[in-house]
file entry-v7.cif (mmCIF, C-alpha atoms and all ligand atoms)
data_structure
#
loop_
_atom_site.label_atom_id
_atom_site.label_comp_id
_atom_site.auth_asym_id
_atom_site.auth_seq_id
_atom_site.Cartn_x
_atom_site.Cartn_y
_atom_site.Cartn_z
CA MET A 1 0.00 0.00 0.00
CA VAL A 2 1.32 3.44 -0.93
CA LEU A 3 0.61 6.14 1.61
CA PRO A 4 -0.10 9.60 0.28
CA ASP A 5 2.76 12.03 0.63
CA PRO A 6 2.02 14.05 3.79
CA GLU A 7 3.40 17.21 2.21
CA PRO A 8 1.99 18.55 -1.05
CA ALA A 9 4.58 18.47 -3.82
CA GLY A 10 6.71 21.57 -3.79
CA THR A 11 6.36 22.32 -0.10
CA PRO A 12 9.85 23.21 1.05
CA THR A 13 11.12 20.83 3.67
CA GLY A 14 11.63 22.33 7.07
CA ALA A 15 9.22 25.20 6.48
CA SER A 16 5.62 24.79 7.50
CA ALA A 17 3.15 26.31 5.07
CA GLY A 18 0.84 27.28 7.91
CA PRO A 19 1.79 30.52 9.60
CA VAL A 20 2.76 32.64 6.58
CA VAL A 21 -0.32 31.65 4.62
CA GLU A 22 -2.58 32.28 7.59
CA ARG A 23 -0.96 35.58 8.49
CA LEU A 24 -1.21 36.71 4.88
CA ALA A 25 -4.94 35.97 4.89
CA GLU A 26 -5.30 37.84 8.18
CA ALA A 27 -3.31 40.81 6.84
CA ARG A 28 -5.56 40.94 3.79
CA ARG A 29 -8.63 40.99 6.02
CA ARG A 30 -7.18 43.81 8.11
CA VAL A 31 -6.20 45.85 5.06
CA ARG A 32 -9.68 45.42 3.60
CA ALA A 33 -11.27 46.39 6.91
CA ALA A 34 -9.06 49.49 7.16
CA ALA A 35 -10.06 50.57 3.65
CA GLU A 36 -13.74 50.08 4.41
CA ALA A 37 -13.41 51.95 7.70
CA ALA A 38 -11.87 54.83 5.76
CA GLY A 39 -14.73 54.79 3.25
CA ARG A 40 -12.42 53.61 0.48
CA ASP A 41 -12.73 50.83 -2.08
CA PRO A 42 -10.54 47.95 -0.78
CA ALA A 43 -9.47 47.27 -4.37
CA GLU A 44 -7.53 50.56 -4.27
CA VAL A 45 -5.08 49.22 -1.69
CA ARG A 46 -2.45 46.62 -2.57
CA ILE A 47 -0.17 44.74 -0.20
CA LEU A 48 3.54 44.69 -0.98
CA LEU A 49 5.36 42.04 1.02
CA ALA A 50 8.59 43.38 2.47
CA THR A 51 10.67 40.23 2.30
CA LYS A 52 14.02 41.31 3.73
CA THR A 53 15.84 38.57 5.66
CA MET A 54 13.24 35.98 4.59
CA PRO A 55 14.52 32.91 2.74
CA PRO A 56 13.13 32.19 -0.71
CA GLU A 57 11.21 29.12 0.54
CA VAL A 58 9.16 31.31 2.87
CA ILE A 59 8.61 34.01 0.23
CA ALA A 60 7.52 31.27 -2.18
CA GLN A 61 4.81 30.19 0.28
CA ALA A 62 3.34 33.68 0.20
CA LEU A 63 3.54 33.80 -3.59
CA ALA A 64 1.89 30.39 -3.83
CA ALA A 65 -0.89 31.74 -1.59
CA GLY A 66 -1.61 34.51 -4.08
CA ALA A 67 0.74 37.34 -3.15
CA THR A 68 2.14 38.99 -6.27
CA LEU A 69 4.00 42.10 -5.17
CA ILE A 70 7.21 41.87 -3.17
CA GLY A 71 9.86 44.35 -2.15
CA GLU A 72 13.48 44.02 -1.08
CA ASN A 73 15.66 46.74 0.32
CA ARG A 74 19.16 45.39 -0.28
CA VAL A 75 20.63 44.71 -3.71
CA GLN A 76 22.55 41.69 -2.38
CA GLU A 77 19.33 40.06 -1.20
CA VAL A 78 17.59 40.64 -4.51
CA LEU A 79 20.45 38.94 -6.33
CA ALA A 80 20.73 36.09 -3.83
CA LYS A 81 17.03 35.17 -4.09
CA ALA A 82 16.43 35.81 -7.79
CA ASP A 83 17.07 32.28 -9.07
CA ALA A 84 15.03 30.59 -6.36
CA LEU A 85 12.03 32.86 -7.00
CA ALA A 86 12.19 32.82 -10.79
CA GLY A 87 9.57 30.07 -11.04
CA PHE A 88 7.01 32.01 -8.99
CA PRO A 89 5.38 34.83 -10.95
CA HIS A 90 5.76 38.09 -9.05
CA THR A 91 6.55 41.76 -9.37
CA MET A 92 9.64 43.05 -7.56
CA HIS A 93 9.87 46.58 -6.27
CA PHE A 94 13.08 47.89 -4.74
CA ILE A 95 12.31 49.70 -1.46
CA GLY A 96 15.76 50.39 -0.01
CA HIS A 97 18.32 53.10 -0.60
CA LEU A 98 19.96 52.50 -3.98
CA GLN A 99 23.55 53.53 -4.57
CA SER A 100 24.34 54.55 -8.13
CA ASN A 101 27.10 51.94 -8.39
CA LYS A 102 24.58 49.12 -7.83
CA VAL A 103 22.16 50.19 -10.56
CA ASN A 104 23.51 47.85 -13.24
CA GLN A 105 23.28 44.79 -11.01
CA LEU A 106 19.82 45.57 -9.75
CA LEU A 107 17.94 46.69 -12.86
CA PRO A 108 17.45 43.29 -14.50
CA HIS A 109 15.64 42.08 -11.38
CA ILE A 110 13.13 44.83 -10.64
CA GLN A 111 10.01 46.26 -12.24
CA CYS A 112 9.86 49.36 -10.08
CA LEU A 113 12.15 51.50 -7.95
CA GLN A 114 10.17 53.04 -5.09
CA THR A 115 13.09 54.95 -3.63
CA LEU A 116 14.20 57.45 -6.23
CA ASP A 117 15.81 60.15 -4.13
CA SER A 118 18.42 62.01 -6.16
CA VAL A 119 19.03 63.64 -9.51
CA ASP A 120 22.30 61.68 -9.77
CA LEU A 121 20.36 58.44 -9.57
CA ILE A 122 17.97 59.60 -12.30
CA GLY A 123 20.92 60.18 -14.63
CA ARG A 124 22.43 56.82 -13.89
CA LEU A 125 19.14 54.96 -14.36
CA GLN A 126 18.29 56.79 -17.56
CA SER A 127 21.59 55.96 -19.23
CA ARG A 128 21.51 52.31 -18.15
CA LEU A 129 17.87 51.88 -19.23
CA GLU A 130 18.65 53.51 -22.55
CA SER A 131 21.40 50.93 -23.21
CA ALA A 132 19.02 48.14 -22.24
CA ALA A 133 16.21 49.68 -24.33
CA ARG A 134 13.67 49.39 -21.52
CA ASN A 135 11.64 51.60 -19.22
CA LEU A 136 11.30 51.55 -15.45
CA ASP A 137 8.47 52.54 -13.16
CA VAL A 138 9.61 54.75 -10.31
CA PHE A 139 8.23 56.35 -7.17
CA ILE A 140 9.89 59.40 -5.66
CA GLN A 141 10.81 58.81 -2.03
CA VAL A 142 9.95 61.77 0.16
CA ASN A 143 11.22 62.25 3.69
CA VAL A 144 8.02 63.64 5.14
CA SER A 145 9.18 63.41 8.74
CA GLY A 146 12.44 65.31 8.22
CA GLU A 147 14.34 62.75 10.31
CA GLN A 148 18.06 63.03 9.54
CA THR A 149 18.49 59.28 9.33
CA LYS A 150 15.90 58.84 6.57
CA SER A 151 16.47 58.86 2.83
CA GLY A 152 14.21 60.78 0.55
CA ILE A 153 13.90 64.27 -0.81
CA ALA A 154 12.45 67.13 1.19
CA PRO A 155 8.77 67.83 0.44
CA ALA A 156 9.73 71.29 -0.82
CA ASP A 157 11.86 69.68 -3.56
CA ALA A 158 9.10 67.44 -4.88
CA ARG A 159 8.20 69.51 -7.92
CA GLU A 160 11.81 69.89 -9.00
CA MET A 161 12.29 66.13 -8.66
CA VAL A 162 9.13 65.34 -10.64
CA GLU A 163 10.41 67.59 -13.43
CA ALA A 164 13.79 65.85 -13.37
CA VAL A 165 12.06 62.48 -13.78
CA ALA A 166 9.96 63.90 -16.61
CA ALA A 167 13.19 64.81 -18.39
CA ALA A 168 14.35 61.15 -18.27
CA PRO A 169 12.30 59.42 -20.97
CA ARG A 170 13.03 55.88 -19.74
CA LEU A 171 11.54 56.59 -16.28
CA ARG A 172 7.80 56.43 -15.67
CA LEU A 173 6.67 58.22 -12.54
CA ARG A 174 3.95 56.14 -10.84
CA GLY A 175 3.72 57.84 -7.48
CA PHE A 176 5.37 58.69 -4.19
CA MET A 177 6.74 56.66 -1.30
CA THR A 178 7.64 57.42 2.27
CA ILE A 179 8.79 55.67 5.39
CA GLY A 180 6.65 56.86 8.28
CA LEU A 181 7.90 58.59 11.35
CA ASN A 182 9.30 56.15 13.87
CA SER A 183 7.30 57.31 16.86
CA PRO A 184 4.44 56.32 19.14
CA ASP A 185 2.72 59.60 18.18
CA ARG A 186 0.04 58.44 15.75
CA ASP A 187 -1.07 61.96 14.90
CA ALA A 188 2.45 62.88 13.90
CA ILE A 189 2.74 59.75 11.74
CA ARG A 190 -0.56 60.55 10.06
CA ARG A 191 0.50 64.13 9.39
CA GLY A 192 3.47 62.73 7.48
CA TYR A 193 1.26 60.47 5.41
CA ARG A 194 -1.10 63.35 4.74
CA ALA A 195 1.87 65.39 3.54
CA LEU A 196 2.73 62.69 0.99
CA ALA A 197 -0.87 62.60 -0.24
CA THR A 198 -0.80 66.38 -0.57
CA ILE A 199 2.24 66.19 -2.84
CA ARG A 200 0.51 63.68 -5.11
CA ASP A 201 -2.66 65.74 -5.20
CA ARG A 202 -0.80 68.96 -5.99
CA ALA A 203 1.14 67.24 -8.77
CA ALA A 204 -2.20 66.29 -10.33
CA ASP A 205 -4.05 69.56 -9.67
CA GLU A 206 -1.19 71.74 -10.88
CA GLN A 207 -0.37 69.33 -13.74
CA TRP A 208 3.31 68.98 -12.94
CA PRO A 209 5.08 67.69 -16.06
CA GLY A 210 5.33 63.90 -16.19
CA ALA A 211 3.03 63.40 -13.20
CA GLN A 212 -0.09 62.32 -15.09
CA ASP A 213 0.35 58.68 -13.97
CA ALA A 214 1.78 59.44 -10.53
CA VAL A 215 -1.24 58.16 -8.62
CA GLU A 216 0.31 55.69 -6.17
CA LEU A 217 1.09 56.34 -2.52
CA SER A 218 3.35 53.71 -0.97
CA MET A 219 3.11 54.28 2.76
CA GLY A 220 2.36 52.32 5.90
CA MET A 221 3.97 49.21 7.38
CA SER A 222 2.84 46.44 9.73
CA GLY A 223 2.43 48.74 12.72
CA ASP A 224 0.62 51.64 11.09
CA PHE A 225 -0.95 50.57 7.82
CA ALA A 226 -4.49 51.40 8.93
CA ASP A 227 -3.51 55.04 9.48
CA ALA A 228 -1.72 55.12 6.12
CA ILE A 229 -4.80 53.71 4.39
CA ALA A 230 -6.95 56.35 6.08
CA GLU A 231 -4.63 58.96 4.54
CA GLY A 232 -4.83 57.44 1.07
CA ALA A 233 -2.18 54.70 0.79
CA THR A 234 -2.51 52.62 -2.38
CA ILE A 235 0.36 50.29 -1.42
CA VAL A 236 1.12 49.20 2.13
CA ARG A 237 4.44 47.48 2.73
CA LEU A 238 4.08 44.59 5.15
CA GLY A 239 6.89 42.54 6.62
CA SER A 240 6.49 41.32 10.17
CA ALA A 241 2.68 41.22 10.00
CA VAL A 242 3.02 38.41 7.47
CA PHE A 243 6.42 36.84 8.15
CA GLY A 244 6.65 37.32 11.90
CA PRO A 245 9.48 39.07 13.70
CA ARG A 246 12.71 39.37 11.74
CA PRO A 247 15.97 38.00 13.07
CA ALA A 248 18.39 40.78 14.05
CA ARG A 249 20.73 41.66 11.17
C1 LIG A 301 11.07 46.25 6.32
C2 LIG A 301 10.35 47.31 5.60
C3 LIG A 301 8.95 47.41 5.66
C4 LIG A 301 8.09 46.46 6.47
O1 LIG A 301 8.28 46.63 7.83
P1 LIG A 301 7.33 45.86 8.90
O2 LIG A 301 7.27 46.78 10.04
O3 LIG A 301 8.01 44.58 9.19
O4 LIG A 301 6.03 45.67 8.23
C5 LIG A 301 8.34 48.41 4.93
N1 LIG A 301 9.04 49.29 4.21
C6 LIG A 301 10.38 49.24 4.12
C7 LIG A 301 11.09 50.24 3.29
C8 LIG A 301 11.08 48.26 4.81
O5 LIG A 301 12.41 48.21 4.72
#
call {"tool": "encode", "arguments": {"input": "entry-v7.cif", "output": "structure tokens"}}
result
Amino acid sequence: MVLPDPEPAGTPTGASAGPVVERLAEARRRVRAAAEAAGRDPAEVRILLATKTMPPEVIAQALAAGATLIGENRVQEVLAKADALAGFPHTMHFIGHLQSNKVNQLLPHIQCLQTLDSVDLIGRLQSRLESAARNLDVFIQVNVSGEQTKSGIAPADAREMVEAVAAAPRLRLRGFMTIGLNSPDRDAIRRGYRALATIRDRAADEQWPGAQDAVELSMGMSGDFADAIAEGATIVRLGSAVFGPRPAR
């Protein structure tokens, strides 16, 4: 008698399919509930899984459970996981600080750069994309909280940055991204998210060049996504809510 295999084919050994799949379902429910509570259409809010430090087997479980959008914030991790994830259809956004000298390595592996934060980087991307004859979606990262440790342009420089992207024909501006204030003060966090939404709305109202498709707001993480959704987030970036606590680096 042949007993059925206890694990479905393709389940990575040593990793239980349970927790990630369940936490992903729970995160989806909470994101939907937050959208409804804010009077928004839940279909307007996508979950990006922030997969830093997670091994490809675990990321693959989330992709097999229907996740499609993932984000990494270190070039080395993108490269290290690329082969193992190639068989799982997904879209990869880069969500970390990108140094110009890593652009060539990274570009083949991403569909969007959410952290465009300098004119130098625009130049580097444009010339590399031109050689590769392809385009790239980008978000401008804005430092809405003004914290010294955070990347991103100052809100006052947003228009200038949008115009610089518009002058790079291989870049397609899709929206704006921010990392929220690291603080227990929810009102202060929400003010930052509101500031990002204001930039997007002004770009549309004042018809900043190249901003016609800049509709996305990537803001909110596991601890504060409901507030970000209330302020208009279209992408929330979830790590620990889905994967559990991360090991220390
Ligand atoms: C890690 C990370 C997240 C997710 O953080 P959690 O608090 O674990 O949800 C979101 N955005 C960026 C840029 C990150 O690096």
call {"tool": "residues_near_point", "arguments": {"input": "entry-v7.cif", "point": "(-0.2, 62.4, -9.2)", "cutoff": "8 Å", "atoms": "all atoms listed in the file", "output": "number ranges by chain"}}
result
A: 174-175, 199-204, 211-216
call {"tool": "residues_around", "arguments": {"input": "entry-v7.cif", "residues": "range 27-34 of chain A", "least_positions_apart": "2", "cutoff": "10 Å", "atoms": "only C-alpha atoms", "output": "MDAnalysis selection string"}}
result
chainID A and resid 21:25 36:47 222 225:230 236 238 241:242
call {"tool": "closest_residue", "arguments": {"input": "entry-v7.cif", "among": "A:Thr53, A:Ser240, A:Thr234, A:Asn182", "to": "Arg74 in chain A", "atoms": "all atoms listed in the file"}}
result
A:Thr53
call {"tool": "closest_residue", "arguments": {"input": "entry-v7.cif", "among": "A:Glu72, A:Glu57, A:Asp187, A:Asp83", "to": "ligand LIG 301 (chain A)", "atoms": "only C-alpha atoms and all ligand atoms"}}
result
A:Glu72
call {"tool": "closest_residue", "arguments": {"input": "entry-v7.cif", "among": "A:Ile153, A:Ala82, A:Met177, A:Ile189", "to": "ligand LIG 301 (chain A)", "atoms": "only C-alpha atoms and all ligand atoms"}}
result
A:Met177
call {"tool": "axis_aligned_box", "arguments": {"input": "entry-v7.cif", "around": "range 217-232 of chain A", "padding_each_side": "8 Å", "output": "JSON"}}
result
{"center_x": -1.5, "center_y": 52.7, "center_z": 5.1, "size_x": 26.9, "size_y": 28.5, "size_z": 31.2}
call {"tool": "atom_distance", "arguments": {"input": "entry-v7.cif", "atom1": "CA of Phe176 in chain A", "atom2": "CA of Gln141 in chain A"}}
result
5.9 Å
